[in-house]
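J.: This is input-v9.txt, which holds compact mmCIF, C-alpha atoms:
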```txt
# COMPACT_ATOMS: atom_id res chain seq x y z
CA GLU A 6 -19.04 9.62 30.93
CA PRO A 7 -15.76 8.15 29.70
CA GLU A 8 -12.68 10.07 30.76
CA VAL A 9 -8.94 10.26 30.27
CA THR A 10 -7.06 9.05 33.33
CA GLN A 11 -3.50 9.98 34.24
CA THR A 12 -1.09 8.56 36.79
CA PRO A 13 0.55 9.56 39.00
CA SER A 14 -1.14 12.80 39.99
CA HIS A 15 2.14 14.13 41.37
CA GLN A 16 5.68 13.00 40.62
CA VAL A 17 8.76 14.36 42.33
CA THR A 18 12.11 13.50 40.81
CA GLN A 19 15.70 14.62 40.97
CA MET A 20 17.36 16.40 38.09
CA GLY A 21 18.86 13.96 35.63
CA GLN A 22 16.46 11.13 36.47
CA GLU A 23 14.11 9.50 33.99
CA VAL A 24 10.36 9.78 34.50
CA ILE A 25 7.44 8.07 32.79
CA LEU A 26 4.02 9.67 32.88
CA ARG A 27 1.10 7.41 32.14
CA CYS A 28 -2.28 7.97 30.54
CA VAL A 29 -5.26 5.85 29.61
CA PRO A 30 -7.12 7.64 26.80
CA ILE A 31 -10.84 7.24 26.12
CA SER A 32 -11.28 3.79 24.61
CA ASN A 33 -12.72 4.63 21.19
CA HIS A 34 -10.41 7.59 20.60
CA LEU A 35 -7.72 7.28 17.98
CA TYR A 36 -5.59 10.39 18.47
CA PHE A 37 -3.52 11.05 21.55
CA TYR A 38 -1.72 14.12 22.74
CA TRP A 39 0.55 15.46 25.43
CA TYR A 40 0.39 19.08 26.49
CA ARG A 41 2.16 20.80 29.34
CA GLN A 42 1.44 23.87 31.44
CA ILE A 43 4.23 25.57 33.32
CA LEU A 44 2.88 27.42 36.35
CA GLY A 45 1.27 30.70 35.28
CA GLN A 46 1.76 30.04 31.58
CA LYS A 47 -0.26 28.75 28.65
CA VAL A 48 -1.16 25.16 27.97
CA GLU A 49 1.42 24.20 25.31
CA PHE A 50 1.34 21.42 22.74
CA LEU A 51 4.08 18.82 22.96
CA VAL A 52 3.19 15.93 20.67
CA SER A 53 0.39 14.13 18.88
CA PHE A 54 0.27 10.40 18.22
CA TYR A 55 -1.77 8.31 15.83
CA ASN A 56 -1.54 4.78 14.53
CA ASN A 57 1.47 4.05 16.72
CA GLU A 58 3.58 6.89 15.53
CA ILE A 59 4.15 10.56 16.19
CA SER A 60 2.09 12.66 13.80
CA GLU A 61 3.32 16.06 14.96
CA LYS A 62 5.60 17.49 17.61
CA SER A 63 6.54 20.94 18.86
CA GLU A 64 10.01 22.37 19.27
CA ILE A 65 9.68 21.66 22.99
CA PHE A 66 9.56 17.93 22.25
CA ASP A 67 13.28 17.35 21.83
CA ASP A 68 15.34 14.17 22.05
CA GLN A 69 14.82 14.00 25.82
CA PHE A 70 11.15 13.21 25.25
CA SER A 71 9.56 10.09 23.84
CA VAL A 72 6.06 8.66 23.66
CA GLU A 73 4.80 5.14 23.44
CA ARG A 74 1.60 3.16 23.36
CA PRO A 75 2.94 -0.05 24.85
CA ASP A 76 -0.17 -2.18 25.15
CA GLY A 77 -3.12 -0.76 23.25
CA SER A 78 -4.62 1.08 26.20
CA ASN A 79 -1.83 3.03 27.89
CA PHE A 80 -0.10 6.04 26.39
CA THR A 81 3.13 7.16 28.02
CA LEU A 82 5.42 10.17 27.98
CA LYS A 83 9.02 9.56 28.95
CA ILE A 84 11.48 12.26 29.86
CA ARG A 85 14.91 10.70 29.72
CA SER A 86 16.97 13.11 31.81
CA THR A 87 14.84 15.63 33.62
CA LYS A 88 15.82 19.28 34.00
CA LEU A 89 14.55 21.84 36.46
CA GLU A 90 12.64 23.56 33.66
CA ASP A 91 10.66 20.38 32.99
CA SER A 92 8.69 21.10 36.16
CA ALA A 93 5.10 21.59 34.97
CA MET A 94 1.66 20.03 34.76
CA TYR A 95 1.58 17.46 31.98
CA PHE A 96 -1.81 16.80 30.42
CA CYS A 97 -2.73 13.86 28.28
CA ALA A 98 -5.60 14.30 25.84
CA SER A 99 -7.39 12.18 23.30
CA SER A 100 -9.82 12.77 20.46
CA VAL A 101 -12.00 10.68 18.20
CA ASP A 102 -10.56 12.21 15.08
CA ARG A 103 -7.76 14.51 14.04
CA GLY A 104 -7.75 18.25 13.68
CA PRO A 105 -10.96 19.93 14.67
CA SER A 106 -12.27 17.17 16.91
CA PRO A 107 -12.46 18.46 20.48
CA LEU A 108 -9.74 17.21 22.80
CA HIS A 109 -10.65 15.54 26.06
CA PHE A 110 -8.07 16.10 28.76
CA GLY A 111 -7.04 14.16 31.82
CA ASN A 112 -6.46 15.83 35.17
CA GLY A 113 -2.73 15.97 34.64
CA THR A 114 0.45 14.89 36.37
CA ARG A 115 2.27 17.54 38.33
CA LEU A 116 5.98 16.95 37.74
CA THR A 117 8.38 18.56 40.17
CA VAL A 118 12.08 18.33 39.36
CA THR A 119 14.40 19.15 42.25
CA GLN B 4 4.27 32.93 19.47
CA LYS B 5 1.25 34.98 20.53
CA GLU B 6 -1.42 33.40 18.34
CA VAL B 7 -4.17 33.53 20.93
CA GLU B 8 -4.32 36.34 23.46
CA GLN B 9 -6.51 36.42 26.53
CA ASP B 10 -6.71 38.82 29.46
CA PRO B 11 -5.67 36.73 32.48
CA GLY B 12 -7.84 38.69 34.91
CA PRO B 13 -8.65 37.92 37.63
CA LEU B 14 -12.29 38.82 37.06
CA SER B 15 -14.59 38.98 40.05
CA VAL B 16 -18.38 39.29 39.68
CA PRO B 17 -21.41 38.93 41.99
CA GLU B 18 -23.63 35.89 41.69
CA GLY B 19 -26.25 36.33 38.97
CA ALA B 20 -24.15 38.68 36.86
CA ILE B 21 -23.57 38.25 33.14
CA VAL B 22 -19.93 37.46 32.48
CA SER B 23 -18.12 38.28 29.27
CA LEU B 24 -14.81 36.56 28.54
CA ASN B 25 -12.83 37.46 25.45
CA CYS B 26 -9.92 36.37 23.30
CA THR B 27 -8.25 37.64 20.17
CA TYR B 28 -6.31 35.56 17.70
CA SER B 29 -3.89 36.39 14.92
CA ASN B 30 -3.90 33.34 12.65
CA SER B 31 -6.40 33.81 9.80
CA ALA B 32 -6.33 30.07 9.16
CA PHE B 33 -8.06 29.32 12.47
CA GLN B 34 -11.52 27.93 11.79
CA TYR B 35 -12.41 26.06 14.98
CA PHE B 36 -12.80 27.72 18.33
CA MET B 37 -13.20 26.16 21.74
CA TRP B 38 -13.69 27.22 25.31
CA TYR B 39 -12.38 25.08 28.09
CA ARG B 40 -13.03 25.44 31.81
CA GLN B 41 -10.28 24.50 34.22
CA TYR B 42 -10.87 24.10 37.92
CA SER B 43 -7.93 24.27 40.28
CA ARG B 44 -5.71 21.15 40.06
CA LYS B 45 -7.84 19.69 37.26
CA GLY B 46 -7.47 19.29 33.52
CA PRO B 47 -9.21 21.53 30.97
CA GLU B 48 -12.82 20.52 30.43
CA LEU B 49 -14.46 21.26 27.08
CA LEU B 50 -17.27 23.76 27.46
CA MET B 51 -18.09 25.05 23.99
CA TYR B 52 -17.01 24.24 20.44
CA THR B 53 -17.78 26.39 17.42
CA TYR B 54 -16.84 26.43 13.78
CA SER B 55 -16.22 29.67 11.86
CA SER B 56 -18.20 32.82 12.68
CA GLY B 57 -21.46 32.96 14.55
CA ASN B 58 -23.07 32.16 17.87
CA LYS B 59 -23.65 28.94 19.72
CA GLU B 60 -25.74 28.63 22.85
CA ASP B 61 -25.74 25.87 25.46
CA GLY B 62 -27.76 26.55 28.58
CA ARG B 63 -26.32 29.58 30.34
CA PHE B 64 -23.31 29.70 28.01
CA THR B 65 -23.05 31.44 24.64
CA ALA B 66 -19.95 31.34 22.47
CA GLN B 67 -19.50 33.96 19.81
CA VAL B 68 -16.90 34.18 17.03
CA ASP B 69 -16.29 37.19 14.82
CA LYS B 70 -13.74 36.16 12.23
CA SER B 71 -13.65 39.60 10.62
CA SER B 72 -12.18 41.05 13.81
CA LYS B 73 -10.56 37.80 15.01
CA TYR B 74 -12.48 38.04 18.26
CA ILE B 75 -13.83 35.18 20.37
CA SER B 76 -16.24 35.64 23.26
CA LEU B 77 -17.88 33.50 25.91
CA PHE B 78 -20.91 34.83 27.77
CA ILE B 79 -22.15 33.28 30.99
CA ARG B 80 -25.66 34.26 32.10
CA ASP B 81 -26.86 34.07 35.69
CA SER B 82 -23.36 33.26 36.89
CA GLN B 83 -23.03 30.89 39.85
CA PRO B 84 -20.25 30.39 42.43
CA SER B 85 -19.66 27.00 40.80
CA ASP B 86 -18.63 28.86 37.62
CA SER B 87 -15.53 30.09 39.45
CA ALA B 88 -12.66 28.65 37.43
CA THR B 89 -10.11 29.56 34.78
CA TYR B 90 -11.55 29.80 31.28
CA LEU B 91 -9.29 28.96 28.36
CA CYS B 92 -9.99 29.83 24.76
CA ALA B 93 -8.34 27.70 22.09
CA SER B 94 -8.23 27.64 18.31
CA THR B 95 -7.05 25.49 15.44
CA SER B 96 -7.11 25.55 11.67
CA GLY B 97 -8.24 21.94 11.73
CA ASN B 98 -4.94 20.32 10.80
CA THR B 99 -2.65 22.02 13.31
CA PRO B 100 -2.35 21.55 17.05
CA LEU B 101 -4.82 23.32 19.30
CA VAL B 102 -3.41 26.67 20.46
CA PHE B 103 -4.51 27.99 23.84
CA GLY B 104 -4.82 31.41 25.37
CA LYS B 105 -3.38 31.97 28.80
CA GLY B 106 -6.78 31.71 30.49
CA THR B 107 -8.94 34.14 32.45
CA ARG B 108 -9.48 33.44 36.14
CA LEU B 109 -13.11 34.07 37.11
CA SER B 110 -14.50 34.34 40.64
CA VAL B 111 -18.26 34.49 41.18
CA ILE B 112 -19.01 35.80 44.64
CA ALA B 113 -22.16 34.60 46.43
```
Have the structure of the file written as structure tokens, please.

T.:
Amino acid sequence: EPEVTQTPSHQVTQMGQEVILRCVPISNHLYFYWYRQILGQKVEFLVSFYNNEISEKSEIFDDQFSVERPDGSNFTLKIRSTKLEDSAMYFCASSVDRGPSPLHFGNGTRLTVT
Amino acid sequence: QKEVEQDPGPLSVPEGAIVSLNCTYSNSAFQYFMWYRQYSRKGPELLMYTYSSGNKEDGRFTAQVDKSSKYISLFIRDSQPSDSATYLCASTSGNTPLVFGKGTRLSVIA
């Protein structure tokens, strides 16, 4: 069964450093998402992406965050200057269609900011 | 924003028991309801997907939505140790991002 793959599985970085989290969505999916889950809290929406542009973003997704689909298969989340509170699991997801189509999640990248 | 509420548990049951997991939601616009299962250190895995009110059955799993009371349930029959995981309910109106509950941690004891 096709799956969403994310790399790395764990990233440790120092505060103020830039990080790039990578995802390969399912090949025939058109909509891509990033969610995050701070330890012990809910899975929270960050951003959705379609047709090479952001379609929606949450208030969490401020100017420190950016997304890109650089080569037609990868989908990346960049955090420009990491803060301690960015420590979380970051999940990439994709769906065939928008809205009610079920999201298929990767196994996440655990980001630890020290 | 507490749009989807879920008792975090933990819930511990003996093998073979019927498990009932529940969520409530506040947004009347929600039309689509999903249950995800999340094993430790893994991403959420789609388990059940329902539209509007009613029941949907898939093997040992039954999802139930009551829109009049804004109540979502997942029933697991003949529970197995392999069902031990965190179960997340999630909802959307169809043109808004998926909103998750906090998840209920379930342990099925052999």

J.: Tell me, in Å to one decimal, how far CA of Ala113 (chain B) is from CA of Ser87 (chain B).

T.: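 Here the two named atoms are 10.6 Å from each other.
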
J.: Between B:Gly106, B:Arg44, B:Tyr35, B:Ser96, which has the minimum distance to Gly57 (chain B) (counting only C-alpha atoms)?

T.: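 That would be B:Tyr35, the residue with the smallest distance to Gly57 (chain B).
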
J.: Between CA of Val7 (chain B) and CA of Gly113 (chain A), what is the spacing in Å?

T.: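 Between CA of Gly113 (chain A) and CA of Val7 (chain B) the gap works out to 22.3 Å.
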
J.: Would you tabulate, counting only C-alpha atoms, all residues of chain A that have an atom at most 9 Å from an atom of chain B, showing the closest pair of atoms and their distance in Å to one decimal, sorted by chain then ascending number, as a Markdown table?

T.:
```
| residue | atom | partner | partner_atom | distance |
| --- | --- | --- | --- | --- |
| A:Gly45 | CA | B:Lys105 | CA | 8.1 |
| A:Gln46 | CA | B:Lys105 | CA | 6.2 |
| A:Lys47 | CA | B:Lys105 | CA | 4.5 |
| A:Val48 | CA | B:Phe103 | CA | 6.0 |
| A:Glu49 | CA | B:Phe103 | CA | 7.2 |
| A:Phe50 | CA | B:Pro100 | CA | 6.8 |
| A:Val52 | CA | B:Pro100 | CA | 8.7 |
| A:Ser53 | CA | B:Pro100 | CA | 8.1 |
| A:Glu61 | CA | B:Pro100 | CA | 8.2 |
| A:Lys62 | CA | B:Pro100 | CA | 8.9 |
| A:Phe96 | CA | B:Gly46 | CA | 6.9 |
| A:Cys97 | CA | B:Gly46 | CA | 8.9 |
| A:Arg103 | CA | B:Asn98 | CA | 7.2 |
| A:Gly104 | CA | B:Gly97 | CA | 4.2 |
| A:Pro105 | CA | B:Gly97 | CA | 4.5 |
| A:Ser106 | CA | B:Gly97 | CA | 8.1 |
| A:Pro107 | CA | B:Tyr52 | CA | 7.4 |
| A:Leu108 | CA | B:Leu49 | CA | 7.5 |
| A:His109 | CA | B:Leu49 | CA | 6.9 |
| A:Phe110 | CA | B:Gly46 | CA | 5.8 |
| A:Gly111 | CA | B:Gly46 | CA | 5.4 |
| A:Asn112 | CA | B:Gly46 | CA | 4.0 |
| A:Gly113 | CA | B:Gly46 | CA | 5.9 |
| A:Arg115 | CA | B:Arg44 | CA | 8.9 |
```

J.: Take CA of Tyr38 (chain A) and CA of Lys83 (chain A) and report the distance between them in Å, one decimal.

T.: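 We find that CA of Tyr38 (chain A) and CA of Lys83 (chain A) lie 13.2 Å from each other.
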
J.: Skip Arg27 (chain A) itself and residues of its chain fewer than 5 positions away, then list as an MDAnalysis selection string all residues within 9 Å of it, counting only C-alpha atoms.

T.: chainID A and resid 10:13 79:83 97 114

J.: Of the residues A:Ser32, A:Thr119, A:Ser86, A:Gln42, which is the one nearest to Ser71 (chain A), using only C-alpha atoms?

T.: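 Selected residue with least distance to Ser71 (chain A): A:Ser86.
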
J.: As a list in words, please: the residues near Leu89 (chain A) (cut-off 10 Å, only C-alpha atoms, same-chain neighbours under 5 positions excluded).

T.: Thr18, Gln19, Met20, Gly21, Leu116, Thr117, Val118 and Thr119 of chain A

J.: Nearest residue to Ala32 (chain B) out of B:Lys73, B:Ile79, B:Phe64, B:Ala20, using only C-alpha atoms?

T.: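 Of B:Lys73, B:Ile79, B:Phe64, B:Ala20, the one nearest Ala32 (chain B) is B:Lys73, counting only C-alpha atoms.
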
J.: Looking at A:Ile31, A:Ile25, A:Leu51, A:Ile43, which one is nearest to Ser92 (chain A), with distances taken over all atoms listed in the file?

T.: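 Looking at the shortest contact to Ser92 (chain A), the residue is A:Ile43.
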
J.: Between B:Ser110, B:Ser15, B:Ser56, B:Ser31, which residue has the minimum interatomic distance to Asp86 (chain B), considering all atoms listed in the file?

T.: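 Counting all atoms listed in the file, the residue closest to Asp86 (chain B) is B:Ser110.
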
J.: Within 9 Å of region 55-57 of chain A, counting only C-alpha atoms, which residues qualify if same-chain residues fewer than 4 places away don't, as a VMD selection string?

T.: chain A and resid 35 to 37 73 to 74 103

J.: Quick one: residues within 8 Å of Ser23 (chain B), all atoms listed in the file, excluding same-chain residues fewer than 4 positions away - as a tab-separated table (two decimals) with C-alpha atoms, keeping the file's coordinate frame?

T.:
```tsv
chain	number	residue	atom	x	y	z
B	76	SER	CA	-16.24	35.64	23.26
B	77	LEU	CA	-17.88	33.50	25.91
B	78	PHE	CA	-20.91	34.83	27.77
B	79	ILE	CA	-22.15	33.28	30.99
```

J.: Taking all atoms listed in the file into account, name the residue in B:Gly12, B:Ser55, B:Pro84, B:Leu24 that is nearest to Asp69 (chain B).

T.: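 Answer, going by the shortest atom-to-atom distance: B:Ser55.
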
J.: Grab all the atoms of region 67-74 of chain A that the file lists, wrap them in a box along x, y and z, add 3 Å per side, and give me centre plus edge lengths in Å (one decimal) as JSON.

T.:
```
{"center_x": 8.5, "center_y": 10.3, "center_z": 23.8, "size_x": 19.7, "size_y": 20.2, "size_z": 10.0}
```
